[in-house]
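Have a look at structure.cif; it's mmCIF, C-alpha atoms:
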```cif
data_my_file
#
loop_
_atom_site.label_atom_id
_atom_site.label_comp_id
_atom_site.auth_asym_id
_atom_site.auth_seq_id
_atom_site.Cartn_x
_atom_site.Cartn_y
_atom_site.Cartn_z
CA MET W 1 78.64 84.09 97.00
CA SER W 2 80.95 86.93 97.99
CA LYS W 3 84.02 84.69 97.53
CA ILE W 4 82.88 83.77 94.03
CA ILE W 5 82.39 87.44 93.14
CA THR W 6 85.85 88.28 94.51
CA VAL W 7 87.50 85.48 92.54
CA LEU W 8 85.73 86.50 89.34
CA TRP W 9 86.77 90.10 89.90
CA TRP W 10 90.44 89.21 90.25
CA VAL W 11 90.26 86.90 87.23
CA LEU W 12 88.88 89.77 85.12
CA VAL W 13 91.57 92.14 86.42
CA ALA W 14 94.34 89.64 85.65
CA ALA W 15 92.95 89.00 82.17
CA GLY W 16 92.72 92.72 81.47
CA VAL W 17 96.31 93.27 82.60
CA VAL W 18 97.61 90.48 80.37
CA ILE W 19 95.77 91.50 77.19
CA ALA W 20 96.25 95.27 77.63
CA PRO W 21 99.55 95.48 75.66
CA PHE W 22 97.90 93.74 72.72
CA TYR W 23 95.18 96.38 72.31
CA LEU W 24 96.28 99.66 73.92
CA ASP W 25 98.26 102.31 72.09
CA GLY W 26 101.72 103.26 73.29
CA ILE W 27 100.56 106.48 74.94
CA TRP W 28 98.05 104.55 77.09
CA LEU W 29 100.68 101.98 78.03
CA GLN W 30 102.99 104.79 79.08
CA ASP W 31 100.30 106.40 81.21
CA GLY W 32 99.52 103.04 82.75
CA LEU W 33 103.17 102.48 83.61
CA PHE W 34 103.40 105.92 85.22
CA ALA W 35 100.30 105.00 87.24
CA MET W 36 101.95 101.74 88.34
CA ALA W 37 105.05 103.61 89.46
CA ALA W 38 102.85 106.09 91.32
CA ALA W 39 101.00 103.20 92.98
CA ILE W 40 104.26 101.70 94.24
CA GLY W 41 105.31 105.04 95.71
CA ALA W 42 101.85 105.62 97.16
CA ILE W 43 101.90 102.23 98.90
CA GLY W 44 105.14 103.24 100.61
CA LEU W 45 103.77 106.61 101.66
CA ASN W 46 100.59 104.97 102.93
CA LEU W 47 102.65 102.72 105.18
CA LEU W 48 104.19 105.85 106.66
CA THR W 49 101.25 108.26 106.76
CA GLY W 50 98.16 106.07 106.65
CA ALA W 51 99.29 103.15 108.83
CA THR W 52 101.73 104.87 111.20
CA GLY W 53 100.40 108.42 111.21
CA GLN W 54 103.61 110.18 110.15
CA LEU W 55 103.05 113.08 107.79
CA SER W 56 105.65 113.26 105.01
CA MET W 57 105.75 115.92 102.32
CA GLY W 58 109.13 114.92 100.92
CA HIS W 59 108.30 111.60 99.28
CA ALA W 60 109.28 112.92 95.85
CA PHE W 61 112.86 113.30 97.13
CA PHE W 62 113.23 109.55 97.55
CA LEU W 63 111.78 108.94 94.10
CA ALA W 64 114.51 111.22 92.76
CA VAL W 65 117.19 109.32 94.69
CA GLY W 66 116.01 106.06 93.16
CA ALA W 67 115.77 107.45 89.63
CA PHE W 68 119.12 109.25 89.57
CA GLY W 69 120.77 106.48 91.56
CA TYR W 70 119.78 103.92 88.95
CA VAL W 71 121.01 106.13 86.11
CA TYR W 72 124.38 106.71 87.77
CA PHE W 73 124.93 103.08 88.74
CA ALA W 74 123.95 101.75 85.30
CA SER W 75 125.52 104.41 83.04
CA VAL W 76 128.94 104.07 81.51
CA PRO W 77 131.15 107.07 82.39
CA GLU W 78 131.86 109.50 79.59
CA ASP W 79 135.41 110.61 78.88
CA GLY W 80 134.43 113.73 77.00
CA GLY W 81 131.36 115.81 76.30
CA HIS W 82 129.49 116.74 79.44
CA GLY W 83 131.69 114.57 81.64
CA LEU W 84 128.80 112.53 82.98
CA GLY W 85 129.90 109.87 85.42
CA GLY W 86 128.68 106.38 86.11
CA LEU W 87 129.68 102.96 87.36
CA GLY W 88 128.50 100.87 84.41
CA LEU W 89 127.00 98.15 86.61
CA PRO W 90 124.50 95.55 85.30
CA THR W 91 121.09 97.16 85.23
CA PRO W 92 119.37 94.73 87.67
CA LEU W 93 122.13 95.35 90.19
CA ALA W 94 121.90 99.08 89.55
CA ALA W 95 118.15 99.00 90.27
CA VAL W 96 118.64 97.11 93.53
CA LEU W 97 121.41 99.48 94.62
CA ALA W 98 119.24 102.49 93.76
CA VAL W 99 116.44 101.17 95.99
CA LEU W 100 118.95 100.53 98.78
CA LEU W 101 120.38 104.02 98.29
CA SER W 102 116.91 105.47 98.82
CA GLY W 103 116.67 103.41 101.99
CA VAL W 104 120.02 104.78 103.15
CA ALA W 105 118.80 108.31 102.46
CA GLY W 106 115.72 107.55 104.52
CA GLY W 107 117.91 106.06 107.23
CA VAL W 108 119.95 109.25 107.42
CA PHE W 109 116.74 111.18 107.99
CA SER W 110 115.12 108.52 110.20
CA PRO W 111 116.45 109.87 113.55
CA ILE W 112 114.48 113.04 112.83
CA ALA W 113 111.46 111.04 111.65
CA GLY W 114 111.59 108.95 114.82
CA ARG W 115 111.32 111.98 117.09
CA LEU W 116 109.06 114.36 115.19
CA LYS W 117 105.40 113.90 114.36
CA GLY W 118 102.49 115.72 112.79
CA ALA W 119 103.07 119.09 111.15
CA TYR W 120 106.62 119.27 112.51
CA LEU W 121 107.63 116.17 110.59
CA GLY W 122 105.80 117.44 107.50
CA ILE W 123 107.77 120.69 107.55
CA ALA W 124 111.04 118.83 108.12
CA THR W 125 110.42 116.49 105.17
CA LEU W 126 109.37 119.43 103.03
CA ALA W 127 112.94 120.71 103.33
CA LEU W 128 114.11 117.55 101.54
CA ILE W 129 112.36 118.70 98.36
CA PHE W 130 114.28 121.98 98.20
CA ILE W 131 117.59 120.45 99.25
CA GLY W 132 117.17 117.65 96.75
CA HIS W 133 116.31 120.00 93.89
CA PHE W 134 119.39 122.11 94.61
CA VAL W 135 121.65 119.05 94.68
CA MET W 136 120.11 117.51 91.55
CA SER W 137 120.46 120.77 89.62
CA ASN W 138 124.11 121.31 90.57
CA ALA W 139 125.60 117.81 90.77
CA THR W 140 126.05 117.75 87.00
CA PRO W 141 128.45 114.75 86.78
CA VAL W 142 125.86 112.60 88.55
CA THR W 143 122.48 114.02 87.53
CA GLY W 144 123.26 115.91 84.33
CA GLY W 145 122.12 119.21 85.83
CA HIS W 146 118.89 120.95 84.82
CA ASN W 147 118.65 119.00 81.56
CA GLY W 148 118.96 115.62 83.28
CA ARG W 149 120.49 112.61 81.57
CA PRO W 150 119.33 109.62 79.51
CA VAL W 151 118.35 106.40 81.27
CA PRO W 152 120.03 103.11 80.37
CA PRO W 153 117.41 100.47 79.45
CA MET W 154 116.90 97.51 81.74
CA GLU W 155 118.43 94.19 80.67
CA LEU W 156 117.34 91.14 82.63
CA PHE W 157 118.80 87.71 81.85
CA GLY W 158 119.74 88.87 78.37
CA PHE W 159 116.26 90.29 77.68
CA ALA W 160 116.36 94.02 76.94
CA PHE W 161 113.37 96.21 77.84
CA THR W 162 113.85 98.47 74.87
CA ASP W 163 112.92 99.00 71.22
CA THR W 164 115.23 96.76 69.25
CA PRO W 165 115.82 96.91 65.49
CA GLU W 166 113.84 93.67 65.24
CA PRO W 167 111.09 93.85 67.89
CA LEU W 168 109.67 90.71 69.43
CA VAL W 169 106.35 89.89 67.74
CA ILE W 170 103.68 88.05 69.76
CA ALA W 171 100.29 87.29 68.19
CA GLY W 172 101.03 89.81 65.46
CA VAL W 173 101.78 92.61 67.95
CA PRO W 174 105.33 94.02 68.06
CA PHE W 175 106.54 94.16 71.65
CA GLY W 176 108.72 97.22 72.09
CA ALA W 177 109.97 98.94 75.22
CA LEU W 178 106.57 99.93 76.61
CA GLU W 179 104.98 96.51 76.06
CA ARG W 180 107.91 94.80 77.77
CA LEU W 181 108.05 97.30 80.62
CA TRP W 182 104.31 96.81 81.14
CA PHE W 183 104.81 93.30 82.51
CA LEU W 184 107.83 94.40 84.55
CA GLY W 185 105.74 97.17 86.09
CA VAL W 186 102.92 94.73 86.87
CA ALA W 187 105.35 92.34 88.56
CA LEU W 188 106.89 95.12 90.65
CA LEU W 189 103.49 96.50 91.67
CA VAL W 190 102.12 93.09 92.65
CA GLY W 191 105.25 92.27 94.64
CA ALA W 192 105.25 95.64 96.39
CA GLY W 193 101.54 95.33 97.21
CA LEU W 194 101.81 91.80 98.59
CA PHE W 195 104.79 92.69 100.76
CA ALA W 196 103.06 95.76 102.18
CA ARG W 197 99.89 93.74 102.78
CA GLY W 198 101.90 91.16 104.70
CA VAL W 199 103.47 93.89 106.82
CA LEU W 200 100.11 95.47 107.64
CA ARG W 201 98.44 92.15 108.51
CA GLY W 202 101.27 90.96 110.70
CA ARG W 203 102.63 92.07 114.03
CA PRO W 204 104.45 95.11 112.59
CA GLY W 205 101.19 96.36 111.10
CA ARG W 206 99.37 96.08 114.42
CA ALA W 207 102.18 97.96 116.13
CA MET W 208 102.10 100.68 113.45
CA ASN W 209 98.35 101.13 113.84
CA THR W 210 98.68 101.30 117.60
CA ILE W 211 101.33 104.01 117.28
CA ARG W 212 99.03 105.93 114.96
CA ASP W 213 95.94 105.67 117.18
CA HIS W 214 97.35 105.53 120.71
CA GLU W 215 101.03 106.40 120.91
CA ILE W 216 101.18 106.44 124.70
CA ALA W 217 99.37 103.10 124.92
CA ALA W 218 101.80 101.64 122.37
CA GLY W 219 104.75 102.69 124.53
CA VAL W 220 103.13 101.22 127.64
CA MET W 221 102.56 97.93 125.78
CA GLY W 222 106.27 97.72 125.02
CA VAL W 223 106.23 98.86 121.39
CA PRO W 224 109.50 100.69 120.56
CA VAL W 225 107.79 103.74 119.10
CA THR W 226 110.91 105.60 117.98
CA ARG W 227 112.41 102.51 116.37
CA TYR W 228 109.21 101.67 114.53
CA ARG W 229 108.83 105.21 113.22
CA ALA W 230 112.39 105.23 111.94
CA GLY W 231 112.05 101.76 110.40
CA VAL W 232 108.80 102.57 108.60
CA PHE W 233 110.36 105.76 107.27
CA VAL W 234 113.23 103.73 105.78
CA LEU W 235 110.80 101.21 104.26
CA SER W 236 108.69 104.00 102.79
CA SER W 237 111.83 105.56 101.31
CA MET W 238 112.74 102.28 99.61
CA TYR W 239 109.26 102.08 98.07
CA GLY W 240 109.82 105.60 96.77
CA GLY W 241 113.18 104.56 95.33
CA LEU W 242 111.60 101.61 93.51
CA ALA W 243 108.94 103.91 92.07
CA GLY W 244 111.68 106.29 90.94
CA VAL W 245 113.52 103.49 89.11
CA LEU W 246 110.37 102.51 87.21
CA ILE W 247 109.62 106.14 86.35
CA ALA W 248 113.13 106.56 84.99
CA LEU W 249 112.82 103.42 82.83
CA VAL W 250 109.50 104.59 81.37
CA PHE W 251 110.40 108.25 80.96
CA ARG W 252 113.89 107.44 79.55
CA GLN W 253 115.17 110.83 80.74
CA THR W 254 115.60 111.98 84.33
CA VAL W 255 114.85 115.67 84.88
CA PRO W 256 115.24 117.34 88.33
CA ASP W 257 112.18 119.58 87.88
CA TYR W 258 109.89 116.56 87.73
CA PHE W 259 110.65 115.60 91.34
CA GLY W 260 109.31 118.77 92.91
CA LEU W 261 106.70 119.95 95.36
CA ILE W 262 103.79 119.28 93.00
CA LEU W 263 104.74 115.61 92.81
CA ALA W 264 105.01 115.38 96.60
CA LEU W 265 101.56 116.92 97.05
CA SER W 266 100.16 114.59 94.40
CA TYR W 267 101.27 111.60 96.46
CA LEU W 268 99.48 112.95 99.51
CA ALA W 269 96.36 113.38 97.37
CA MET W 270 96.68 109.77 96.18
CA ILE W 271 96.60 108.19 99.62
CA ILE W 272 93.87 110.50 100.91
CA ILE W 273 91.59 110.00 97.91
CA GLY W 274 92.24 106.27 97.69
CA GLY W 275 92.03 105.52 101.40
CA LEU W 276 94.52 105.94 104.24
CA GLY W 277 96.11 102.82 105.66
CA SER W 278 95.08 100.53 102.80
CA VAL W 279 97.28 99.01 100.10
CA ALA W 280 94.37 98.78 97.66
CA GLY W 281 93.39 102.36 98.53
CA ALA W 282 96.87 103.58 97.63
CA VAL W 283 96.65 101.83 94.25
CA VAL W 284 93.17 103.21 93.53
CA GLY W 285 94.22 106.74 94.50
CA ALA W 286 97.41 106.53 92.45
CA PHE W 287 95.56 105.50 89.29
CA PHE W 288 92.93 108.18 89.88
CA VAL W 289 95.44 110.99 90.31
CA SER W 290 97.84 109.78 87.61
CA MET W 291 95.35 109.01 84.87
CA LEU W 292 93.03 111.99 85.31
CA PRO W 293 95.23 114.59 83.51
CA SER W 294 95.69 112.22 80.58
CA LEU W 295 91.94 111.62 80.31
CA PHE W 296 91.28 115.36 80.44
CA THR W 297 93.90 116.01 77.77
CA ARG W 298 92.59 113.37 75.37
CA TYR W 299 88.91 114.19 75.80
CA SER W 300 89.09 117.93 76.42
CA ASP W 301 86.99 118.62 73.31
CA ALA W 302 84.08 116.68 74.79
CA LEU W 303 84.40 117.95 78.36
CA PRO W 304 82.80 121.18 79.55
CA LEU W 305 84.95 123.93 81.10
CA VAL W 306 88.16 122.24 79.90
CA ALA W 307 90.01 124.10 77.17
CA PRO W 308 91.65 122.01 74.44
CA THR W 309 95.43 122.00 74.24
CA GLY W 310 96.80 125.27 72.87
CA GLN W 311 93.67 127.33 73.61
CA GLU W 312 93.00 129.82 76.37
CA GLY W 313 91.09 128.77 79.46
CA VAL W 314 91.40 126.09 82.11
CA GLY W 315 93.72 123.44 80.70
CA ALA W 316 93.68 119.73 81.41
CA ALA W 317 96.40 119.91 84.08
CA GLU W 318 94.71 122.78 85.91
CA ALA W 319 91.31 121.07 85.72
CA ALA W 320 92.81 117.88 87.13
CA GLN W 321 94.39 119.77 90.05
CA ILE W 322 91.06 121.46 90.80
CA LEU W 323 89.35 118.08 90.81
CA TYR W 324 92.07 116.67 93.10
CA GLY W 325 91.36 119.43 95.59
CA LEU W 326 87.61 118.88 95.45
CA ALA W 327 88.08 115.13 95.80
CA VAL W 328 90.28 115.58 98.87
CA VAL W 329 87.67 117.84 100.50
CA VAL W 330 84.84 115.40 99.71
CA VAL W 331 86.81 112.44 101.03
CA VAL W 332 87.79 114.20 104.24
CA LEU W 333 84.21 115.34 104.92
CA PHE W 334 82.11 112.45 103.70
CA LEU W 335 84.30 109.43 102.83
CA PRO W 336 86.82 108.74 105.61
CA GLY W 337 87.79 105.47 103.95
CA GLY W 338 88.42 107.05 100.55
CA LEU W 339 87.32 105.63 97.21
CA PHE W 340 88.33 102.12 98.23
CA GLY W 341 86.27 102.39 101.40
CA LEU W 342 83.29 103.48 99.33
CA PHE W 343 83.81 100.53 96.98
CA THR W 344 84.02 98.16 99.95
CA ARG W 345 80.76 99.44 101.43
CA LEU W 346 78.98 99.12 98.08
CA ARG W 347 80.26 95.58 97.66
CA LEU W 348 79.04 94.61 101.13
CA ARG W 349 75.59 96.01 100.40
CA LEU W 350 75.46 94.13 97.12
CA THR W 351 76.55 90.93 98.85
CA ARG W 352 73.87 91.29 101.51
CA ARG W 353 71.17 91.79 98.89
CA THR W 354 72.21 88.80 96.81
CA ALA W 355 72.81 86.47 99.78
CA PRO W 356 70.00 83.95 100.41
CA ALA W 357 67.82 84.71 103.39
CA SER W 358 68.58 82.66 106.49
CA PRO W 359 65.81 80.31 107.59
CA ALA W 360 63.54 81.77 110.20
CA LYS W 361 63.76 80.42 113.68
CA HIS W 362 60.33 79.24 114.76
CA ALA W 363 59.69 79.77 118.41
CA LEU W 364 57.99 77.03 120.33
CA ILE W 365 54.63 78.48 121.38
CA PRO W 366 53.00 76.50 124.11
CA THR W 367 49.51 75.24 123.31
CA PRO W 368 46.83 74.09 125.71
CA GLU W 369 47.85 70.50 125.01
CA THR W 370 51.53 71.10 125.76
CA ARG W 371 50.79 73.01 128.90
CA ASN W 372 49.15 69.99 130.33
#
```
As a first step, turn the structure in this file into structure tokens.
Amino acid sequence: MSKIITVLWWVLVAAGVVIAPFYLDGIWLQDGLFAMAAAIGAIGLNLLTGATGQLSMGHAFFLAVGAFGYVYFASVPEDGGHGLGGLGLPTPLAAVLAVLLSGVAGGVFSPIAGRLKGAYLGIATLALIFIGHFVMSNATPVTGGHNGRPVPPMELFGFAFTDTPEPLVIAGVPFGALERLWFLGVALLVGAGLFARGVLRGRPGRAMNTIRDHEIAAGVMGVPVTRYRAGVFVLSSMYGGLAGVLIALVFRQTVPDYFGLILALSYLAMIIIGGLGSVAGAVVGAFFVSMLPSLFTRYSDALPLVAPTGQEGVGAAEAAQILYGLAVVVVVLFLPGGLFGLFTRLRLRLTRRTAPASPAKHALIPTPETRN
């Protein structure tokens, strides 16, 4: 029974994902794409923090490396104007190189990540945010400075993920940039989730969990602790770079101020609220944190204590941050497994109630006849 419920659940999810571009407005598609990008980045951070126990507060830095790396690799250099540089590479190659560049950036920092742990590593990674913001704001030929620079649209096998003069029409619905990027985002999220799930369920995942729970025991068992920590940090950085590429494609303009401390803290909130050490928990937490401000903004008139846009009071963004904080406290105190852990427990209870009762085992009671 539980398998049937699980299959039906995934069928409904897949059907909803496929038909969403045909019914949702552009603003909802954009928010959904931002949530997908956040989920990819959160999966990478959960591999590092949730599965291996390494605290990182600089994840937004690697998103910035991926976003600006893609823009620089894919952009055509300008002779005049602002003097923005670029390599003019094909956009798929530019995206792959941007992800690899994020991995290289993580590899440069990995010797530190392999030796530090806990709050010390968190403080060290926090420095990446400030260093990265300074570099992004001053490396104008690469990043465009404080104003950022436009993002070249993705072109894959001659198919452009952009609004063309004659948009592709499917079932009477014009497919522009957001509708096309929707399916690209879904493919990237599914691929990232399956890869991370394979890592966690295999030998590397067991070694990562052992390092998190019993570091000394892991070393005694022959697990190269320092090497694993450094390797997971590089892998997490590449996930951040992939998320940065998708954010750049959706946002269409890279701005250094976006990749700041608030974004880094939001990613920590995602994995804590969703559930540490779980791929599905990272996705749930990412959608919760990413979509909440948009929901507050659109329905602020109907929500108590939330001031509509342009009026005095607690705005949608502030209300969302307050709720994030409350959610983190509630999860830490009462829901160690996060929202996904709560969902799992509820599903198990429902399965036990709907499962048929097992036949009772009748004990053989000796009677006077059998005794003789």
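The closest residue to Leu101 in chain W, picked from W:Met238, W:Ile273, W:Val225, W:Val279 and counting only C-alpha atoms, is W:Met238.
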Please identify all polymer residues within 12 Å of range 140-144 of chain W, counting only C-alpha atoms, omitting same-chain residues fewer than 5 positions from it, and present them as a PyMOL selection string.
chain W and resi 64-87+132-135+149-151+253-257
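Minimum atom-to-atom distance to Val190 in chain W, evaluated using all atoms listed in the file, belongs to W:Ala39 out of W:Met154, W:Leu168, W:Ala39, W:Leu93.
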Near Phe287 in chain W, counting all atoms listed in the file, which residues have an atom at most 8 Å away, once you skip same-chain residues fewer than 4 positions from it, shown as a ChimeraX atom specification?
/W:35-36,38-39,283,291
Applied to this file, what does the PyMOL selection byres ((chain W and resi 336-345) around 6) return in terms of residues, put as a PyMOL selection string?
chain W and resi 273-275+281+331-332+335+346-348
Mind pulling up the distance from CA of Val199 in chain W to CA of Thr91 in chain W?
28.1 Å
Distance CA of Met136 in chain W-CA of Gly260 in chain W, one decimal place?
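That distance, rounded to one decimal, is 11.0 Å.
Computed from the coordinates, the CA of Ser278 in chain W to CA of Arg201 in chain W distance equals 10.7 Å.
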Using the chain letters and numbering of this document, enumerate as a PyMOL selection string the residues selected by the PyMOL selection byres ((chain W and resi 17-29) around 10).
chain W and resi 11-16+30-35+170-183+186+250+291+294-295
Residue subset to file, keeping C-alpha atoms, as a compact mmCIF listing (two decimals), keeping the file's coordinate frame:
```txt
# COMPACT_ATOMS: atom_id res chain seq x y z
CA VAL W 11 90.26 86.90 87.23
CA LEU W 12 88.88 89.77 85.12
CA VAL W 13 91.57 92.14 86.42
CA ALA W 14 94.34 89.64 85.65
CA ALA W 15 92.95 89.00 82.17
CA GLY W 16 92.72 92.72 81.47
CA GLN W 30 102.99 104.79 79.08
CA ASP W 31 100.30 106.40 81.21
CA GLY W 32 99.52 103.04 82.75
CA LEU W 33 103.17 102.48 83.61
CA PHE W 34 103.40 105.92 85.22
CA ALA W 35 100.30 105.00 87.24
CA ILE W 170 103.68 88.05 69.76
CA ALA W 171 100.29 87.29 68.19
CA GLY W 172 101.03 89.81 65.46
CA VAL W 173 101.78 92.61 67.95
CA PRO W 174 105.33 94.02 68.06
CA PHE W 175 106.54 94.16 71.65
CA GLY W 176 108.72 97.22 72.09
CA ALA W 177 109.97 98.94 75.22
CA LEU W 178 106.57 99.93 76.61
CA GLU W 179 104.98 96.51 76.06
CA ARG W 180 107.91 94.80 77.77
CA LEU W 181 108.05 97.30 80.62
CA TRP W 182 104.31 96.81 81.14
CA PHE W 183 104.81 93.30 82.51
CA VAL W 186 102.92 94.73 86.87
CA VAL W 250 109.50 104.59 81.37
CA MET W 291 95.35 109.01 84.87
CA SER W 294 95.69 112.22 80.58
CA LEU W 295 91.94 111.62 80.31
```
Just say which residues the PyMOL selection byres ((chain W and resi 105) around 12) picks in this file, as a VMD selection string.
chain W and resid 58 to 59 61 to 66 69 98 to 104 106 to 111 128 132 230 233 to 238 240 to 241
Name all residues at most 12 Å from range 216-221 of chain W (count only C-alpha atoms; drop same-chain ones fewer than 6 positions away) and give them as a PyMOL selection string.
chain W and resi 52+206-210+227-228
Nearest candidate to Leu45 in chain W (options W:Thr297, W:Ser266, W:Ser137, W:Gln321; using only C-alpha atoms)
W:Ser266
Nearest to Val328 in chain W by atom-to-atom distance, counting only C-alpha atoms, from W:Gly244, W:Gly50, W:Gly285, W:Gly202:
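Answer, going by the shortest atom-to-atom distance: W:Gly285.
Comparing W:Leu242, W:Leu126, W:Val330, W:Val223 by their smallest distance to Ala192 in chain W, the closest is W:Leu242 (using only C-alpha atoms).
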Select, from W:Ile5, W:Ala51, W:Phe161, W:Leu97, the residue with the minimum atom-to-atom distance to Gly205 in chain W, counting only C-alpha atoms.
W:Ala51
Missing atoms in range 126-140 of chain W: can you complete it with N, CA and C atoms, as a short mmCIF file (atom, residue, chain, number, x, y, z; two decimals), in the frame of the given file?
```cif
data_model
loop_
_atom_site.label_atom_id
_atom_site.label_comp_id
_atom_site.auth_asym_id
_atom_site.auth_seq_id
_atom_site.Cartn_x
_atom_site.Cartn_y
_atom_site.Cartn_z
N LEU W 126 109.51 118.49 104.13
CA LEU W 126 109.37 119.43 103.03
C LEU W 126 110.72 120.03 102.64
N ALA W 127 111.60 120.18 103.62
CA ALA W 127 112.94 120.71 103.33
C ALA W 127 113.71 119.79 102.40
N LEU W 128 113.41 118.47 102.43
CA LEU W 128 114.11 117.55 101.54
C LEU W 128 113.87 117.88 100.08
N ILE W 129 112.68 118.37 99.75
CA ILE W 129 112.36 118.70 98.36
C ILE W 129 113.30 119.79 97.86
N PHE W 130 113.46 120.86 98.64
CA PHE W 130 114.28 121.98 98.20
C PHE W 130 115.77 121.63 98.21
N ILE W 131 116.19 120.88 99.22
CA ILE W 131 117.59 120.45 99.25
C ILE W 131 117.88 119.52 98.09
N GLY W 132 116.96 118.58 97.84
CA GLY W 132 117.17 117.65 96.75
C GLY W 132 117.20 118.32 95.40
N HIS W 133 116.32 119.30 95.18
CA HIS W 133 116.31 120.00 93.89
C HIS W 133 117.60 120.77 93.68
N PHE W 134 118.12 121.37 94.74
CA PHE W 134 119.39 122.11 94.61
C PHE W 134 120.53 121.15 94.27
N VAL W 135 120.58 120.01 94.94
CA VAL W 135 121.65 119.05 94.68
C VAL W 135 121.53 118.48 93.28
N MET W 136 120.30 118.10 92.88
CA MET W 136 120.11 117.51 91.55
C MET W 136 120.46 118.50 90.44
N SER W 137 120.20 119.78 90.66
CA SER W 137 120.46 120.77 89.62
C SER W 137 121.93 121.14 89.51
N ASN W 138 122.71 120.88 90.56
CA ASN W 138 124.11 121.31 90.57
C ASN W 138 125.11 120.16 90.52
N ALA W 139 124.70 118.96 90.85
CA ALA W 139 125.60 117.81 90.77
C ALA W 139 125.59 117.28 89.35
N THR W 140 126.12 118.07 88.43
CA THR W 140 126.05 117.75 87.00
C THR W 140 126.70 116.42 86.63
#
```
